[in-house]
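So the structure is just underneath, and the comments pick up after that.
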Amino acid sequence: MVHPILSSIRKKAREKKAGIVLPESADERTLLAAAELAKEELVKPILLGNPEKILAGFQSINEPFNPTKIRIIDFEKSEKFSEFAGEYFTLRKAKGVTYESAKETMKNPLFYGAMMVRRGEADGCVAGAVSSTADVLRAGIQIIGVDKSLTKLVSSFFLMAFPENHWSAPGKVFSFADCGVVPYPSPEELADIAVTTAQSHLTLTGEIPIVGMLSFSTKGSAKHEAVDKVLAALEIVKSKKPDLLIDGELQFDAAFIQSIGERKAPGSKVAGKANVFIFPNLDAGNIGYKLTERLGGATAIGPIIQGLAKPMNDLSRGAKPSDIVDVCCICALKK
């Protein structure tokens, strides 16, 4: 059963009619996702690769190919190829990239797809079912770049969606960050993660973000340099975004359970009410989301990349076709 938040995201994506490029066309899951995206008219899929191989791929999975709803680009033979290589050369020549090496790089569909997004020829790019997160991010950062109006950092978050019959969070959706990209953020980076995740939560859920800065301490219950980092990040966020509902340092129970929040952090407007949880490092974030998923029964949607100037999203290499569909729809909403 599709969670209500995913139904909502799919409905909003259908209205956007975004063109989403899928570089990993040799992967069966990508083709299954493209077929569903086209059939349900959620986004306009753009597949990169050899047309004959892609059409044969659709035949092998018994899915009809509809050329009016799915676009195939034989990108190495595209009339845009030299132009894209030239732009990549211009972007990276200060880093020692030659025009010849730029052409070789543009033969990588991740980089070609990212350039399509940069140039406005696609609204977003989704990859990672085959490629590593590092490779997806490299293409995104080098070509699309960081959204410097919001952040200096590319990070990630998960939407954690609970079923309607869950004992402690029925039907609720939370954002957890960073669970996939930044290992040990500095105070400035942690502040950027908090601000960016709050905006992402608002965009995807429509809820006002209430941000809890997590720690093993609540309001001075422990003294440690790790706690000091969270407090420093909190002050940076408050100076940048004074209207954002954010508080810390908070232990998870104080951020999540109202009665505990009232006892441990009296007077806090966030304690016991948080819907955005910012973990102090990648260890805590990654462990936290997997515990919430595997023991808590939540659906983990992500990792969702944030901070790029235009949307490019990563996938787990264990992604199912339905996961690819959902991330494409999320990508469409962030355009």
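Ordering of the structure tokens sets the chain letters (A, B, ...); residue numbers start at 1 within each chain; ligands are numbered from 1 in the order shown.
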As a VMD selection string, please: the residues near Ile9 in chain A (cut-off 7 Å, only C-alpha atoms, same-chain neighbours under 4 positions excluded).
chain A and resid 5 13 204 329 to 330
Now that the selection is made, can you save its residues with N, CA, C and O atoms as a PDB file, in the first residue's frame?
```
ATOM      1  N   ILE A   5       1.801  10.122   1.996  1.00  0.00           N
ATOM      2  CA  ILE A   5       2.750  11.165   1.575  1.00  0.00           C
ATOM      3  C   ILE A   5       3.242  10.895   0.164  1.00  0.00           C
ATOM      4  O   ILE A   5       3.412  11.819  -0.644  1.00  0.00           O
ATOM      5  N   ALA A  13       3.529  15.781  -8.488  1.00  0.00           N
ATOM      6  CA  ALA A  13       4.442  15.596  -9.612  1.00  0.00           C
ATOM      7  C   ALA A  13       3.677  15.544 -10.926  1.00  0.00           C
ATOM      8  O   ALA A  13       4.110  16.112 -11.942  1.00  0.00           O
ATOM      9  N   LEU A 204       8.158  19.193   0.406  1.00  0.00           N
ATOM     10  CA  LEU A 204       7.624  17.865   0.107  1.00  0.00           C
ATOM     11  C   LEU A 204       6.404  17.487   0.932  1.00  0.00           C
ATOM     12  O   LEU A 204       5.565  16.712   0.475  1.00  0.00           O
ATOM     13  N   CYS A 329       9.540  11.490  -8.768  1.00  0.00           N
ATOM     14  CA  CYS A 329       8.464  12.419  -8.422  1.00  0.00           C
ATOM     15  C   CYS A 329       8.949  13.482  -7.436  1.00  0.00           C
ATOM     16  O   CYS A 329       8.600  14.667  -7.542  1.00  0.00           O
ATOM     17  N   ILE A 330       9.773  13.072  -6.473  1.00  0.00           N
ATOM     18  CA  ILE A 330      10.371  14.022  -5.544  1.00  0.00           C
ATOM     19  C   ILE A 330      11.255  15.017  -6.296  1.00  0.00           C
ATOM     20  O   ILE A 330      11.224  16.220  -6.053  1.00  0.00           O
TER      21      ILE A 330
END
```
Among range 97-277 of chain A, which ones does DSSP place in strand (DSSP E or B), written as an MDAnalysis selection string?
chainID A and resid 124:127 146 155:161 173:177 210:214 245:250 276:277
I'd like the contact shell of Ala18 in chain A - 7 Å cut-off, only C-alpha atoms, skipping same-chain residues fewer than 5 positions apart - returned as a list in words.
Val43, Lys44, Asp123 and Ala332 of chain A
Using DSSP on the backbone coordinates, identify the residues of range 29-241 of chain A assigned to helix (DSSP H, G or I); present them as a PyMOL selection string.
chain A and resi 29-39+51-60+75-77+81-95+99-106+109-118+133-144+187-205+225-240
Which residues come within 12 Å of Phe111 in chain A, counting only C-alpha atoms, excluding same-chain residues fewer than 3 positions away, as number ranges by chain?
A: 21-24, 48, 75-76, 81, 84-85, 87-88, 102-108, 114-118, 125-127, 131, 135-144, 312
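Every protein or nucleic acid residue with an atom no more than 8 Å from range 305-307 of chain A, counting only C-alpha atoms and leaving out same-chain residues fewer than 2 positions away, appears here: Val146, Asp147, Leu150, Thr151, Lys152, Leu153, Val154, Ser155, Ser156, Phe157, Thr196, Thr197, Ser200, Pro303, Ala309, Pro311, Met312, Asn313 and Asp314 of chain A.
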Selected residues written out, all heavy atoms, as a tab-separated table (two decimals), in the first residue's frame:
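Below is the file result.tsv, written as the result:
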```
chain	number	residue	atom	x	y	z
A	146	VAL	N	26.38	24.05	-6.52
A	146	VAL	CA	25.66	24.22	-5.26
A	146	VAL	C	24.76	25.46	-5.32
A	146	VAL	O	25.12	26.47	-5.94
A	146	VAL	CB	26.66	24.34	-4.09
A	146	VAL	CG1	25.95	24.60	-2.77
A	146	VAL	CG2	27.50	23.07	-4.00
A	147	ASP	N	23.61	25.38	-4.68
A	147	ASP	CA	22.69	26.52	-4.58
A	147	ASP	C	23.21	27.46	-3.50
A	147	ASP	O	22.88	27.34	-2.33
A	147	ASP	CB	21.28	26.03	-4.23
A	147	ASP	CG	20.28	27.18	-4.12
A	147	ASP	OD1	20.67	28.35	-4.34
A	147	ASP	OD2	19.11	26.91	-3.79
A	150	LEU	N	21.16	29.34	-0.74
A	150	LEU	CA	20.60	28.63	0.41
A	150	LEU	C	21.67	27.99	1.28
A	150	LEU	O	21.56	27.95	2.50
A	150	LEU	CB	19.63	27.55	-0.08
A	150	LEU	CG	18.89	26.72	0.98
A	150	LEU	CD1	17.98	27.62	1.81
A	150	LEU	CD2	18.08	25.61	0.32
A	151	THR	N	22.74	27.48	0.65
A	151	THR	CA	23.70	26.67	1.39
A	151	THR	C	25.06	26.68	0.70
A	151	THR	O	25.18	27.11	-0.46
A	151	THR	CB	23.19	25.21	1.49
A	151	THR	OG1	24.12	24.43	2.26
A	151	THR	CG2	23.02	24.58	0.12
A	152	LYS	N	26.07	26.22	1.39
A	152	LYS	CA	27.39	26.01	0.79
A	152	LYS	C	27.68	24.52	0.65
A	152	LYS	O	28.78	24.14	0.29
A	152	LYS	CB	28.47	26.67	1.67
A	152	LYS	CG	28.33	28.17	1.82
A	152	LYS	CD	29.39	28.71	2.76
A	152	LYS	CE	29.22	30.21	2.96
A	152	LYS	NZ	30.21	30.74	3.93
A	153	LEU	N	26.68	23.71	0.93
A	153	LEU	CA	26.92	22.29	1.15
A	153	LEU	C	25.88	21.43	0.44
A	153	LEU	O	24.69	21.75	0.45
A	153	LEU	CB	26.85	22.02	2.66
A	153	LEU	CG	27.22	20.63	3.16
A	153	LEU	CD1	28.72	20.40	3.06
A	153	LEU	CD2	26.77	20.48	4.62
A	154	VAL	N	26.33	20.33	-0.14
A	154	VAL	CA	25.42	19.30	-0.63
A	154	VAL	C	25.28	18.26	0.47
A	154	VAL	O	26.28	17.75	0.99
A	154	VAL	CB	25.94	18.66	-1.93
A	154	VAL	CG1	25.07	17.48	-2.33
A	154	VAL	CG2	25.98	19.69	-3.05
A	155	SER	N	24.05	17.95	0.84
A	155	SER	CA	23.79	16.97	1.90
A	155	SER	C	22.62	16.10	1.47
A	155	SER	O	22.18	16.14	0.32
A	155	SER	CB	23.51	17.67	3.23
A	155	SER	OG	22.36	18.51	3.14
A	156	SER	N	22.10	15.31	2.39
A	156	SER	CA	20.97	14.44	2.06
A	156	SER	C	20.04	14.31	3.26
A	156	SER	O	20.42	14.61	4.39
A	156	SER	CB	21.46	13.05	1.64
A	156	SER	OG	21.95	12.33	2.76
A	157	PHE	N	18.84	13.85	2.99
A	157	PHE	CA	17.89	13.55	4.06
A	157	PHE	C	17.01	12.41	3.63
A	157	PHE	O	16.94	12.04	2.46
A	157	PHE	CB	17.05	14.79	4.42
A	157	PHE	CG	16.02	15.17	3.40
A	157	PHE	CD1	14.68	14.85	3.59
A	157	PHE	CD2	16.37	15.84	2.24
A	157	PHE	CE1	13.72	15.20	2.66
A	157	PHE	CE2	15.43	16.19	1.30
A	157	PHE	CZ	14.10	15.87	1.51
A	196	THR	N	18.64	23.65	5.12
A	196	THR	CA	18.24	23.03	3.85
A	196	THR	C	17.18	21.95	4.07
A	196	THR	O	16.22	21.84	3.29
A	196	THR	CB	19.47	22.41	3.16
A	196	THR	OG1	20.53	23.36	3.15
A	196	THR	CG2	19.15	22.03	1.73
A	197	THR	N	17.32	21.18	5.13
A	197	THR	CA	16.35	20.11	5.39
A	197	THR	C	15.00	20.69	5.78
A	197	THR	O	13.95	20.15	5.41
A	197	THR	CB	16.87	19.17	6.49
A	197	THR	OG1	18.18	18.71	6.16
A	197	THR	CG2	15.95	17.95	6.65
A	200	SER	N	13.41	21.59	2.57
A	200	SER	CA	12.99	20.38	1.85
A	200	SER	C	11.73	19.78	2.47
A	200	SER	O	10.83	19.32	1.75
A	200	SER	CB	14.12	19.35	1.86
A	200	SER	OG	15.26	19.81	1.16
A	303	PRO	N	18.04	8.06	0.01
A	303	PRO	CA	18.42	9.42	0.39
A	303	PRO	C	18.03	10.42	-0.69
A	303	PRO	O	18.13	10.13	-1.88
A	303	PRO	CB	19.94	9.34	0.53
A	303	PRO	CG	20.34	8.24	-0.40
A	303	PRO	CD	19.24	7.24	-0.35
A	309	ALA	N	22.08	23.34	-7.12
A	309	ALA	CA	21.37	24.48	-7.72
A	309	ALA	C	20.13	24.03	-8.50
A	309	ALA	O	19.17	24.79	-8.62
A	309	ALA	CB	22.31	25.25	-8.64
A	311	PRO	N	17.79	20.11	-9.43
A	311	PRO	CA	17.62	18.78	-8.84
A	311	PRO	C	18.39	17.66	-9.55
A	311	PRO	O	18.27	17.46	-10.76
A	311	PRO	CB	16.11	18.52	-8.96
A	311	PRO	CG	15.49	19.86	-9.19
A	311	PRO	CD	16.51	20.65	-9.94
A	312	MET	N	19.16	16.94	-8.76
A	312	MET	CA	19.76	15.67	-9.19
A	312	MET	C	19.74	14.76	-7.98
A	312	MET	O	20.30	15.13	-6.94
A	312	MET	CB	21.18	15.85	-9.72
A	312	MET	CG	21.80	14.56	-10.25
A	312	MET	SD	23.28	14.88	-11.25
A	312	MET	CE	23.69	13.23	-11.81
A	313	ASN	N	19.09	13.62	-8.09
A	313	ASN	CA	18.89	12.78	-6.92
A	313	ASN	C	19.56	11.42	-7.06
A	313	ASN	O	19.65	10.86	-8.16
A	313	ASN	CB	17.40	12.59	-6.63
A	313	ASN	CG	16.87	13.71	-5.76
A	313	ASN	OD1	17.48	14.11	-4.78
A	313	ASN	ND2	15.73	14.25	-6.15
A	314	ASP	N	19.99	10.92	-5.92
A	314	ASP	CA	20.66	9.63	-5.82
A	314	ASP	C	19.64	8.54	-5.49
A	314	ASP	O	18.56	8.82	-4.96
A	314	ASP	CB	21.72	9.72	-4.72
A	314	ASP	CG	22.59	8.47	-4.63
A	314	ASP	OD1	22.82	7.84	-5.68
A	314	ASP	OD2	23.02	8.15	-3.52
```
Tell me which protein, DNA and RNA residues are within 7 Å of Gly261 in chain A, counting only C-alpha atoms, leaving out same-chain ones fewer than 6 positions away, and put them as number ranges by chain.
A: 254-255, 271-272
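By only C-alpha atoms, and with residues fewer than 6 positions from Phe277 in chain A along its chain excluded, the set lying at most 7 Å from it is Ser175, Phe176, Ala177, Val211, Gly212, Met213 and Leu214 of chain A.
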Would you save the residues of that selection, restricted to N, CA, C and O atoms, as a compact mmCIF listing (two decimals), in the first residue's frame?
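What ended up in result12.txt:
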```txt
# COMPACT_ATOMS: atom_id res chain seq x y z
N SER A 175 11.51 14.22 8.70
CA SER A 175 12.73 14.31 7.90
C SER A 175 13.94 14.10 8.80
O SER A 175 14.04 14.73 9.86
N PHE A 176 14.84 13.20 8.38
CA PHE A 176 16.07 12.89 9.11
C PHE A 176 17.26 13.34 8.25
O PHE A 176 17.35 12.97 7.07
N ALA A 177 18.22 14.06 8.86
CA ALA A 177 19.40 14.49 8.10
C ALA A 177 20.61 14.64 9.03
O ALA A 177 20.44 14.86 10.23
N VAL A 211 12.30 22.04 13.90
CA VAL A 211 13.60 21.39 13.79
C VAL A 211 14.23 21.14 15.16
O VAL A 211 14.45 22.07 15.94
N GLY A 212 14.53 19.88 15.40
CA GLY A 212 15.25 19.49 16.62
C GLY A 212 16.70 19.17 16.30
O GLY A 212 16.98 18.32 15.47
N MET A 213 17.63 19.87 16.96
CA MET A 213 19.06 19.61 16.81
C MET A 213 19.44 18.56 17.85
O MET A 213 19.45 18.83 19.06
N LEU A 214 19.74 17.36 17.38
CA LEU A 214 19.88 16.21 18.27
C LEU A 214 21.27 16.08 18.87
O LEU A 214 22.28 16.46 18.26
```
Once you count only C-alpha atoms, what closest atom pair and distance in Å to one decimal does each residue of range 144-212 of chain A within 9 Å of range 217-241 of chain A have, with rows by chain and rising residue number, as CSV?
```
residue,atom,partner,partner_atom,distance
A:Ser186,CA,A:Lys229,CA,7.3
A:Pro187,CA,A:Ala233,CA,4.4
A:Glu188,CA,A:Ala233,CA,6.0
A:Glu189,CA,A:Ala233,CA,7.9
A:Leu190,CA,A:Ala233,CA,5.9
A:Ala191,CA,A:Ala233,CA,4.8
A:Asp192,CA,A:Val237,CA,7.7
A:Ala194,CA,A:Val237,CA,7.5
A:Val195,CA,A:Val237,CA,6.9
```
Residue selection dump (N, CA and C atoms) as a PDB file, in the first residue's frame:
```pdb
ATOM      1  N   SER A 186      30.989  20.225  10.353  1.00  0.00           N
ATOM      2  CA  SER A 186      31.391  21.318  11.246  1.00  0.00           C
ATOM      3  C   SER A 186      30.125  22.040  11.725  1.00  0.00           C
ATOM      4  N   PRO A 187      30.240  22.948  12.688  1.00  0.00           N
ATOM      5  CA  PRO A 187      29.049  23.713  13.092  1.00  0.00           C
ATOM      6  C   PRO A 187      28.386  24.428  11.912  1.00  0.00           C
ATOM      7  N   GLU A 188      29.210  25.011  11.028  1.00  0.00           N
ATOM      8  CA  GLU A 188      28.654  25.723   9.876  1.00  0.00           C
ATOM      9  C   GLU A 188      27.936  24.759   8.937  1.00  0.00           C
ATOM     10  N   GLU A 189      28.521  23.593   8.733  1.00  0.00           N
ATOM     11  CA  GLU A 189      27.894  22.594   7.856  1.00  0.00           C
ATOM     12  C   GLU A 189      26.629  22.031   8.490  1.00  0.00           C
ATOM     13  N   LEU A 190      26.659  21.813   9.789  1.00  0.00           N
ATOM     14  CA  LEU A 190      25.467  21.310  10.480  1.00  0.00           C
ATOM     15  C   LEU A 190      24.328  22.326  10.391  1.00  0.00           C
ATOM     16  N   ALA A 191      24.677  23.598  10.486  1.00  0.00           N
ATOM     17  CA  ALA A 191      23.672  24.660  10.334  1.00  0.00           C
ATOM     18  C   ALA A 191      23.080  24.638   8.925  1.00  0.00           C
ATOM     19  N   ASP A 192      23.940  24.485   7.910  1.00  0.00           N
ATOM     20  CA  ASP A 192      23.458  24.406   6.529  1.00  0.00           C
ATOM     21  C   ASP A 192      22.521  23.215   6.334  1.00  0.00           C
ATOM     22  N   ALA A 194      20.641  21.830   8.580  1.00  0.00           N
ATOM     23  CA  ALA A 194      19.368  22.126   9.257  1.00  0.00           C
ATOM     24  C   ALA A 194      18.483  23.036   8.403  1.00  0.00           C
ATOM     25  N   VAL A 195      19.070  24.100   7.871  1.00  0.00           N
ATOM     26  CA  VAL A 195      18.296  25.062   7.073  1.00  0.00           C
ATOM     27  C   VAL A 195      17.763  24.410   5.796  1.00  0.00           C
TER      28      VAL A 195
END
```
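Using only C-alpha atoms, the smallest distance between any of A:Pro242, A:Gly145, A:Gly180, A:Pro280 and Phe216 in chain A comes from A:Pro280.
With distances restricted to only C-alpha atoms, A:Leu159 is the closest residue to Lys290 in chain A from A:Leu159, A:Ala319, A:Tyr184, A:Asp247.
Using only C-alpha atoms, the nearest neighbour of Lys148 in chain A within the list A:Lys310, A:Cys328, A:Lys17, A:Asp243 is A:Lys310.
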